[in-house]
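Containing compact mmCIF, C-alpha atoms: query39.txt.
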# COMPACT_ATOMS: atom_id res chain seq x y z
CA MET C 1 -39.68 -47.67 -49.31
CA ASN C 2 -41.84 -44.95 -47.82
CA ARG C 3 -40.53 -41.72 -46.31
CA ARG C 4 -40.64 -43.01 -42.73
CA THR C 5 -38.53 -46.02 -43.63
CA ILE C 6 -35.99 -43.86 -45.47
CA ALA C 7 -35.82 -41.47 -42.49
CA ALA C 8 -35.24 -44.46 -40.17
CA LEU C 9 -32.43 -45.69 -42.43
CA VAL C 10 -30.81 -42.23 -42.45
CA ALA C 11 -31.18 -42.02 -38.66
CA GLY C 12 -29.50 -45.42 -38.31
CA LEU C 13 -26.64 -44.33 -40.58
CA MET C 14 -26.11 -41.09 -38.62
CA PHE C 15 -26.35 -42.94 -35.31
CA GLY C 16 -23.76 -45.47 -36.50
CA VAL C 17 -21.39 -42.81 -37.82
CA GLY C 18 -21.73 -41.05 -34.46
CA LEU C 19 -20.80 -44.27 -32.64
CA VAL C 20 -17.75 -44.82 -34.87
CA VAL C 21 -16.55 -41.19 -34.74
CA SER C 22 -16.90 -41.12 -30.97
CA GLY C 23 -14.89 -44.33 -30.57
CA MET C 24 -17.75 -46.29 -28.98
CA THR C 25 -17.40 -49.19 -31.45
CA ASP C 26 -14.02 -49.89 -29.81
CA PRO C 27 -14.82 -52.05 -26.74
CA ARG C 28 -11.56 -50.91 -25.12
CA ASN C 29 -12.90 -47.35 -24.83
CA VAL C 30 -16.04 -48.66 -23.10
CA LEU C 31 -14.14 -51.02 -20.79
CA GLY C 32 -11.70 -48.17 -20.06
CA PHE C 33 -14.65 -46.09 -18.87
CA LEU C 34 -15.99 -48.90 -16.68
CA ASP C 35 -12.52 -49.67 -15.28
CA VAL C 36 -12.60 -47.02 -12.59
CA SER C 37 -9.77 -48.63 -10.63
CA GLY C 38 -7.46 -48.88 -13.67
CA HIS C 39 -6.58 -46.26 -16.28
CA TRP C 40 -9.96 -44.52 -16.31
CA ASN C 41 -11.07 -43.35 -19.77
CA PRO C 42 -13.76 -40.61 -19.56
CA ARG C 43 -14.57 -40.65 -23.31
CA LEU C 44 -18.01 -42.27 -22.83
CA LEU C 45 -19.07 -39.36 -20.62
CA ALA C 46 -18.25 -36.89 -23.42
CA VAL C 47 -20.32 -38.98 -25.86
CA MET C 48 -23.30 -39.06 -23.48
CA ALA C 49 -23.00 -35.32 -22.85
CA GLY C 50 -22.94 -34.56 -26.58
CA ALA C 51 -25.86 -36.88 -27.32
CA VAL C 52 -28.07 -35.77 -24.42
CA GLY C 53 -27.20 -32.10 -24.99
CA VAL C 54 -28.24 -32.16 -28.65
CA HIS C 55 -31.25 -34.48 -28.25
CA ALA C 56 -32.71 -32.63 -25.25
CA THR C 57 -32.21 -29.23 -26.92
CA LEU C 58 -33.80 -30.33 -30.20
CA LEU C 59 -36.78 -31.92 -28.40
CA MET C 60 -37.32 -28.72 -26.44
CA LEU C 61 -37.15 -26.57 -29.59
CA LEU C 62 -39.48 -28.91 -31.49
CA ALA C 63 -42.00 -28.97 -28.64
CA ARG C 64 -41.91 -25.18 -28.49
CA ALA C 65 -42.36 -24.86 -32.26
CA ALA C 66 -45.32 -27.26 -32.13
CA GLY C 67 -46.99 -25.17 -29.42
CA GLY C 68 -50.05 -26.88 -27.93
CA ARG C 69 -49.47 -29.91 -30.10
CA GLY C 70 -46.04 -30.40 -28.52
CA ALA C 71 -47.19 -33.13 -26.15
CA ARG C 72 -48.26 -35.29 -29.07
CA LEU C 73 -44.72 -35.21 -30.46
CA LEU C 74 -43.45 -37.47 -27.73
CA PRO C 75 -44.54 -41.03 -26.97
CA PRO C 76 -45.78 -41.57 -23.41
CA ARG C 77 -43.06 -41.97 -20.82
CA ASN C 78 -43.03 -44.87 -18.41
CA ASN C 79 -41.52 -43.38 -15.28
CA ARG C 80 -42.22 -46.32 -13.03
CA VAL C 81 -39.24 -47.45 -10.98
CA ASP C 82 -39.75 -51.09 -10.14
CA ARG C 83 -37.79 -54.24 -9.55
CA SER C 84 -37.57 -55.27 -13.21
CA LEU C 85 -36.09 -51.86 -14.13
CA ILE C 86 -33.33 -52.20 -11.51
CA VAL C 87 -32.68 -55.93 -11.97
CA GLY C 88 -32.75 -55.61 -15.77
CA ALA C 89 -30.35 -52.65 -15.75
CA ALA C 90 -28.01 -54.50 -13.36
CA ILE C 91 -28.01 -57.64 -15.56
CA PHE C 92 -27.33 -55.47 -18.61
CA GLY C 93 -24.45 -53.77 -16.76
CA VAL C 94 -22.83 -57.12 -15.92
CA GLY C 95 -23.05 -58.20 -19.59
CA TRP C 96 -21.68 -54.80 -20.67
CA GLY C 97 -18.71 -55.24 -18.36
CA LEU C 98 -18.09 -58.77 -19.66
CA SER C 99 -17.91 -57.60 -23.28
CA GLY C 100 -17.42 -53.86 -23.75
CA TYR C 101 -20.43 -53.86 -26.08
CA CYS C 102 -23.89 -52.42 -25.70
CA PRO C 103 -26.51 -53.03 -28.42
CA GLY C 104 -25.83 -50.01 -30.70
CA PRO C 105 -22.04 -50.26 -31.02
CA ALA C 106 -22.25 -54.07 -31.32
CA ILE C 107 -24.64 -53.90 -34.29
CA ALA C 108 -22.58 -51.14 -35.98
CA SER C 109 -19.47 -53.30 -35.42
CA LEU C 110 -21.07 -56.04 -37.55
CA GLY C 111 -20.47 -53.73 -40.53
CA LEU C 112 -16.92 -53.10 -39.35
CA GLY C 113 -16.32 -56.84 -39.56
CA GLY C 114 -15.60 -57.28 -35.88
CA ARG C 115 -15.15 -60.98 -35.12
CA THR C 116 -16.03 -60.52 -31.46
CA ALA C 117 -19.09 -58.44 -32.38
CA PHE C 118 -20.61 -61.35 -34.31
CA THR C 119 -20.37 -63.64 -31.28
CA PHE C 120 -21.80 -60.92 -29.06
CA VAL C 121 -24.77 -60.04 -31.31
CA ALA C 122 -25.72 -63.71 -31.80
CA ALA C 123 -25.73 -64.14 -28.00
CA MET C 124 -27.63 -60.89 -27.51
CA ILE C 125 -30.43 -62.13 -29.80
CA VAL C 126 -30.63 -65.30 -27.68
CA GLY C 127 -30.98 -63.06 -24.60
CA VAL C 128 -33.72 -60.93 -26.19
CA LEU C 129 -35.71 -64.04 -27.13
CA ALA C 130 -35.18 -65.54 -23.66
CA ALA C 131 -36.54 -62.39 -22.04
CA ARG C 132 -39.66 -62.73 -24.14
CA LEU C 133 -40.32 -66.08 -22.48
CA VAL C 134 -39.93 -64.65 -19.00
CA ARG C 135 -41.82 -61.40 -18.93
CA ARG C 136 -42.36 -58.14 -20.65
CA ARG C 137 -41.96 -54.75 -19.11
CA ALA C 138 -43.61 -51.72 -20.62
CA PRO C 139 -40.77 -49.60 -22.01
CA SER C 140 -39.63 -46.50 -20.23
CA GLY C 141 -36.99 -44.94 -22.42
CA CYS C 142 -37.09 -47.30 -25.32
CA ASP C 143 -38.83 -48.11 -28.52
CA SER C 144 -41.79 -50.26 -27.56
CA PRO C 145 -41.93 -53.70 -29.14
CA MET Y 1 -12.47 -36.07 -26.24
CA LEU Y 2 -13.59 -33.66 -28.96
CA THR Y 3 -14.43 -36.57 -31.28
CA GLY Y 4 -16.41 -38.07 -28.41
CA LEU Y 5 -18.47 -34.91 -28.03
CA LEU Y 6 -18.89 -34.57 -31.81
CA GLY Y 7 -19.90 -38.21 -32.30
CA GLY Y 8 -22.29 -37.87 -29.37
CA ALA Y 9 -23.89 -34.80 -30.97
CA LEU Y 10 -24.46 -36.82 -34.16
CA ILE Y 11 -26.10 -39.58 -32.06
CA GLY Y 12 -28.38 -36.97 -30.46
CA LEU Y 13 -29.35 -35.63 -33.90
CA ALA Y 14 -30.00 -39.16 -35.22
CA ALA Y 15 -32.21 -39.98 -32.22
CA THR Y 16 -34.24 -36.83 -32.94
CA VAL Y 17 -34.65 -37.73 -36.65
CA TYR Y 18 -35.84 -41.24 -35.69
CA LEU Y 19 -38.30 -39.95 -33.10
CA VAL Y 20 -39.79 -37.29 -35.38
CA ALA Y 21 -40.04 -39.69 -38.34
CA THR Y 22 -41.48 -42.73 -36.57
CA GLY Y 23 -42.94 -41.40 -33.30
CA ARG Y 24 -40.85 -43.89 -31.35
CA VAL Y 25 -37.81 -43.46 -29.14
CA ALA Y 26 -34.46 -44.48 -30.67
CA GLY Y 27 -33.44 -47.16 -28.18
CA VAL Y 28 -31.34 -49.73 -30.01
CA SER Y 29 -32.21 -52.71 -27.77
CA GLY Y 30 -35.92 -51.95 -28.21
CA ILE Y 31 -35.51 -51.51 -31.97
CA LEU Y 32 -33.70 -54.86 -32.16
CA ALA Y 33 -36.37 -56.61 -30.08
CA GLY Y 34 -39.09 -55.01 -32.22
CA ALA Y 35 -37.34 -56.09 -35.42
CA LEU Y 36 -37.26 -59.66 -34.11
CA GLY Y 37 -41.01 -59.65 -33.59
CA GLY Y 38 -43.59 -57.03 -32.74
CA ASP Y 39 -46.02 -55.50 -35.17
CA ARG Y 40 -45.43 -55.90 -38.86
CA ALA Y 41 -46.03 -52.23 -39.74
CA ALA Y 42 -43.13 -50.92 -37.67
CA ARG Y 43 -40.78 -53.80 -38.42
CA GLY Y 44 -39.62 -52.29 -41.72
CA GLU Y 45 -38.62 -49.02 -40.05
CA ARG Y 46 -36.75 -50.85 -37.31
CA LEU Y 47 -34.93 -53.04 -39.81
CA ALA Y 48 -34.07 -49.90 -41.82
CA PHE Y 49 -32.56 -48.28 -38.72
CA LEU Y 50 -30.52 -51.41 -37.94
CA ALA Y 51 -29.39 -51.59 -41.59
CA GLY Y 52 -28.24 -47.98 -41.27
CA LEU Y 53 -26.19 -48.88 -38.19
CA VAL Y 54 -24.51 -51.78 -40.00
CA GLY Y 55 -24.05 -49.58 -43.10
CA ALA Y 56 -22.23 -46.97 -41.01
CA GLY Y 57 -19.90 -49.73 -39.83
CA LEU Y 58 -19.29 -50.82 -43.42
CA ILE Y 59 -18.43 -47.24 -44.45
CA ALA Y 60 -16.10 -46.94 -41.46
CA ALA Y 61 -14.41 -50.23 -42.35
CA VAL Y 62 -13.66 -48.89 -45.85
CA VAL Y 63 -12.55 -45.46 -44.65
CA ALA Y 64 -10.72 -46.30 -41.43
CA GLY Y 65 -10.11 -50.06 -41.44
CA PRO Y 66 -11.59 -52.99 -39.52
CA ALA Y 67 -13.09 -52.97 -36.04
CA ALA Y 68 -11.23 -53.19 -32.80
CA ALA Y 69 -11.96 -56.48 -31.03
CA SER Y 70 -13.20 -57.01 -27.51
CA PRO Y 71 -10.41 -58.33 -25.26
CA TYR Y 72 -12.63 -61.08 -23.83
CA SER Y 73 -12.62 -64.73 -24.92
CA THR Y 74 -15.53 -66.13 -26.96
CA PRO Y 75 -17.28 -67.93 -24.04
CA VAL Y 76 -17.16 -64.77 -21.89
CA LEU Y 77 -18.44 -62.66 -24.81
CA PHE Y 78 -21.29 -65.10 -25.32
CA VAL Y 79 -22.35 -64.87 -21.67
CA GLY Y 80 -22.02 -61.08 -21.88
CA GLY Y 81 -24.21 -60.97 -24.98
CA VAL Y 82 -26.98 -63.09 -23.46
CA LEU Y 83 -26.99 -60.91 -20.32
CA VAL Y 84 -27.14 -57.69 -22.39
CA GLY Y 85 -30.03 -59.02 -24.51
CA PHE Y 86 -31.94 -60.31 -21.48
CA GLY Y 87 -31.20 -57.39 -19.16
CA THR Y 88 -32.09 -54.65 -21.64
CA ARG Y 89 -35.47 -56.27 -22.27
CA LEU Y 90 -36.23 -56.78 -18.58
CA GLY Y 91 -35.12 -53.23 -17.77
CA GLY Y 92 -36.78 -51.68 -20.84
CA GLY Y 93 -33.72 -50.04 -22.39
CA CYS Y 94 -29.99 -49.77 -22.92
CA THR Y 95 -27.38 -47.04 -23.22
CA SER Y 96 -29.30 -45.35 -26.05
CA GLY Y 97 -32.88 -45.85 -24.83
CA HIS Y 98 -32.32 -45.03 -21.15
CA GLY Y 99 -28.93 -43.31 -21.28
CA VAL Y 100 -29.51 -40.92 -24.18
CA CYS Y 101 -33.23 -40.74 -25.00
CA GLY Y 102 -34.63 -41.29 -21.50
CA ILE Y 103 -32.30 -38.84 -19.76
CA SER Y 104 -32.92 -36.26 -22.52
CA ARG Y 105 -36.62 -36.54 -21.70
CA LEU Y 106 -35.89 -36.12 -17.97
CA SER Y 107 -37.13 -39.62 -17.12
CA ILE Y 108 -36.28 -40.46 -13.52
CA ALA Y 109 -36.59 -44.19 -14.32
CA SER Y 110 -34.03 -43.83 -17.11
CA LEU Y 111 -31.66 -41.89 -14.87
CA ILE Y 112 -31.87 -44.63 -12.21
CA ALA Y 113 -31.45 -47.37 -14.84
CA THR Y 114 -28.38 -45.62 -16.30
CA ALA Y 115 -26.76 -45.21 -12.89
CA THR Y 116 -27.50 -48.88 -12.18
CA PHE Y 117 -25.99 -50.30 -15.37
CA ILE Y 118 -22.89 -48.11 -15.14
CA ALA Y 119 -22.36 -49.18 -11.50
CA ALA Y 120 -22.94 -52.86 -12.35
CA GLY Y 121 -20.62 -52.58 -15.36
CA ALA Y 122 -17.86 -50.96 -13.30
CA ALA Y 123 -18.18 -53.59 -10.56
CA THR Y 124 -18.08 -56.35 -13.18
CA VAL Y 125 -14.94 -54.98 -14.87
CA ALA Y 126 -13.25 -54.61 -11.50
CA VAL Y 127 -13.96 -58.24 -10.57
CA ALA Y 128 -13.43 -59.72 -14.05
CA THR Y 129 -10.13 -58.03 -14.84
CA HIS Y 130 -8.55 -57.39 -11.47
CA VAL Y 131 -9.72 -60.52 -9.62
CA PHE Y 132 -10.11 -63.17 -12.34
CA GLY Y 133 -7.71 -61.72 -14.90
CA LEU Y 134 -10.25 -61.99 -17.72
CA GLY Y 135 -10.20 -59.67 -20.71
CA THR Y 136 -6.47 -59.75 -21.21
CA ALA Y 137 -6.55 -62.10 -24.24
CA PRO Y 138 -5.49 -60.52 -27.56

With the file now loaded, output its structure as structure tokens.
Amino acid sequence: MNRRTIAALVAGLMFGVGLVVSGMTDPRNVLGFLDVSGHWNPRLLAVMAGAVGVHATLLMLLARAAGGRGARLLPPRNNRVDRSLIVGAAIFGVGWGLSGYCPGPAIASLGLGGRTAFTFVAAMIVGVLAARLVRRRAPSGCDSP
Amino acid sequence: MLTGLLGGALIGLAATVYLVATGRVAGVSGILAGALGGDRAARGERLAFLAGLVGAGLIAAVVAGPAAASPYSTPVLFVGGVLVGFGTRLGGGCTSGHGVCGISRLSIASLIATATFIAAGAATVAVATHVFGLGTAP
């Protein structure tokens, strides 16, 4: 394994520990956040605030430290707002609400031995492959396949 | 709430490590899609990240016990999973890619996507649980 692969493994471990510590691998916390008309659970907002706060701050500091080379640190950003962005996000939201899982917590839950997570991840892979048959959108926030 | 903030901070740090090491944004749906295909060179790194995620779950299972289950039945979970896989690919990201990485980079598209999937998720839970009574199974 080269250094990049080891760093990716460490990043995955840290990411997963973060998801477990924050309670995001428990679908009830996620559904509690989405259930605005029931007993609303704001935990997911705290997780997002912590993650965005740290990530944005570190990116800013790194860009500043890199000086003129700062722009090269970040992959290009696709800021286009089009129909596939909105429709895709809406479809994802419906699936999120019908499960309480999004991709990260679901994959970490495989290690936790979650019975429902196995069903969900198998189905999610079917969905990813189905999307490949339909069309491909250039990524905006995400890792580009 | 404090554990939420703390866990979130760890996620933000992990996303930074992944970006600096690989030059790519740490969006889990994109990493999964890339691991299932995409270019061979980056596949190893993506698989390593996913292995780390599963490894963290394994550690947590040993330390804190098994996972909490989703309250939905298997057929509903399956439909949910297909929609999440399909929708995140069509929309170019999920909670990590748009919600954490995109918003951290001040992407308007990611902000709009995040607002959209939270609104769609909330509407779905309202209809599924309060109208159809789904998600109440043990």

- Report the distance between atom CA of Y:Leu32 and atom CA of Y:Leu77 in Å, rounded to one decimal place. 18.6 Å

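Considering the residues C:Leu133, C:Val47, C:Asn2, C:Phe118 and counting all atoms listed in the file, chain Y has its shortest atom-to-atom contact with C:Val47.
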
- Could you give me, as a PyMOL selection string, the residues that have an atom at most 10 Å away from the point (-19.1, -56.1, -35.3) in the coordinates of the file, using all atoms listed in the file? (chain C and resi 25-26+101+105-121) or (chain Y and resi 54+57-58+66-70)

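Atom CA of Y:Ala35 sits 13.4 Å away from atom CA of C:Met124.
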
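For stretch 124-132 of chain Y, the non-local neighbours within 6 Å, defined as residues at least 6 positions apart in the same chain or in other chains and counting all atoms listed in the file, are Asp35, Val94 and Gly97 of chain C.
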
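Using all atoms listed in the file, the shortest contact distance between chain C and any of Y:Leu83, Y:Ala42, Y:Ala115, Y:Leu2 is found at Y:Leu83.
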
- Note on the structure: As a check of understanding: the span from atom CA of C:Gly16 to atom CA of Y:Ala64 is 14.0 Å

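Candidate residues Y:Leu47, Y:Gly97, Y:Leu134, Y:Asp39 were compared for distance to chain C, and the nearest is Y:Gly97, using only C-alpha atoms.
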